[in-house]
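Only one structure is covered here, and it is reproduced in the block below.
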Amino acid sequence: MNPIYERSRTVTVRPARDDDVEVVRAIRNHAVEHSTALWTQTLQSPEEAVGWLAGHLERGSAFVAEAGGEVAGFAVYGPWRALDGYRHTVEDSVYVREGRHGLGIGSALLTALIDSAREAGHHVVIAGIEAENAASIRLHERFGFEHVGTVPEVGTKFGRRLDLTLMRLPLA
């Protein structure tokens, strides 16, 4: 895999590094506080962020997008389920920094994730998306993810019940 992905002259995706941990944590925690992308209200501590990112770095499954001289987003994939029968299936997560949406950052990150997962020998990428997150659903559809179902009211956040849309991309 070529470790550098360029969406345009203004967006470059590269493998994440240890020193990206604080900016990745800030983007993630913003999503925790202000969106339904992560179904938790618990912010990630600096210590938790180091451990979480280290697992992805070890797998080679974490990427950051740089635009305008700063990290503008990150993406990771990881095991979809813990049992060994699911070992060839991964789940993706793509996050773009507030104010940087619509610039191709999510697309550049998802390109890197899909290429990396394919090269790592995975068979399927799963996307679990809050059902009202139309932008994320559209992003995944553009990459060929198919809608495989919506599970009603399986999560809660901000005092409301949330539906989970599942999408799947075969890599073979």
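FYI, nothing fancy with the structure tokens labels: chains A, B, ... in order, residues from 1 per chain, ligands from 1 as they appear.
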
* To do: Just the strand (DSSP E) stuff from chain A, please, per backbone DSSP, written as a PyMOL selection string.
  => chain A and resi 5-6+11-15+62-67+70-79+89-96+124-130+146-157+160-170

* Near range 120-134 of chain A, within 9 Å and counting only C-alpha atoms, which residues show up once chain neighbours fewer than 3 positions away are dropped, as number ranges by chain? -> A: 36-39, 60, 77, 80, 87-93, 114-117, 137-140, 145, 150-152, 155, 162-172

Output file for the residues above (C-alpha atoms, as a compact mmCIF listing (two decimals), in the first residue's frame):
# COMPACT_ATOMS: atom_id res chain seq x y z
CA THR A 36 -24.67 11.23 17.63
CA ALA A 37 -21.73 9.72 15.73
CA LEU A 38 -20.40 8.14 18.95
CA TRP A 39 -23.01 6.73 21.29
CA GLY A 60 -1.85 -0.11 10.78
CA TYR A 77 -10.92 0.54 11.30
CA TRP A 80 -16.22 -5.68 14.09
CA ARG A 87 -11.66 -11.94 12.01
CA HIS A 88 -11.95 -10.94 8.34
CA THR A 89 -14.59 -8.28 9.00
CA VAL A 90 -13.73 -4.79 10.21
CA GLU A 91 -15.75 -1.69 11.09
CA ASP A 92 -14.77 1.76 9.92
CA SER A 93 -15.00 5.16 11.62
CA ILE A 114 -10.66 0.69 2.26
CA ASP A 115 -7.29 0.27 0.53
CA SER A 116 -5.60 -0.61 3.82
CA ALA A 117 -8.28 -3.10 4.87
CA ILE A 137 -24.66 7.34 4.73
CA ARG A 138 -24.16 9.20 1.41
CA LEU A 139 -20.38 9.04 1.82
CA HIS A 140 -20.46 5.29 2.28
CA PHE A 145 -21.39 0.29 0.65
CA THR A 150 -31.55 -0.57 10.22
CA VAL A 151 -32.00 -1.64 13.82
CA PRO A 152 -34.51 0.64 15.53
CA GLY A 155 -28.95 3.41 21.25
CA LEU A 162 -31.31 6.19 18.11
CA ASP A 163 -31.58 3.81 15.17
CA LEU A 164 -28.48 2.11 13.77
CA THR A 165 -28.08 1.78 10.01
CA LEU A 166 -25.71 -1.00 8.99
CA MET A 167 -23.86 -0.84 5.68
CA ARG A 168 -21.42 -3.30 4.16
CA LEU A 169 -18.67 -3.22 1.57
CA PRO A 170 -17.24 -6.52 0.29
CA LEU A 171 -13.54 -6.10 -0.47
CA ALA A 172 -12.96 -9.16 -2.65

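Ranking A:Lys157, A:Ser136, A:Val76, A:His56 by their shortest atom-to-atom distance to Gly102 in chain A, with only C-alpha atoms included, puts A:Ser136 first.
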
* To do: To one decimal in Å, tell me the separation between CA of Val154 in chain A and CA of His101 in chain A.
  =>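 It comes out at 27.1 Å.
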
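Minimum atom-to-atom distances from A:Pro46, A:Gly99, A:Gly73, A:Gly68 to Ala16 in chain A were compared using only C-alpha atoms, and the lowest value belongs to A:Gly73.
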
* Would you mind reading off the distance between CA of Val148 in chain A and CA of Ile105 in chain A, one decimal, in Å? =>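 CA of Ile105 in chain A lies 25.2 Å from CA of Val148 in chain A.
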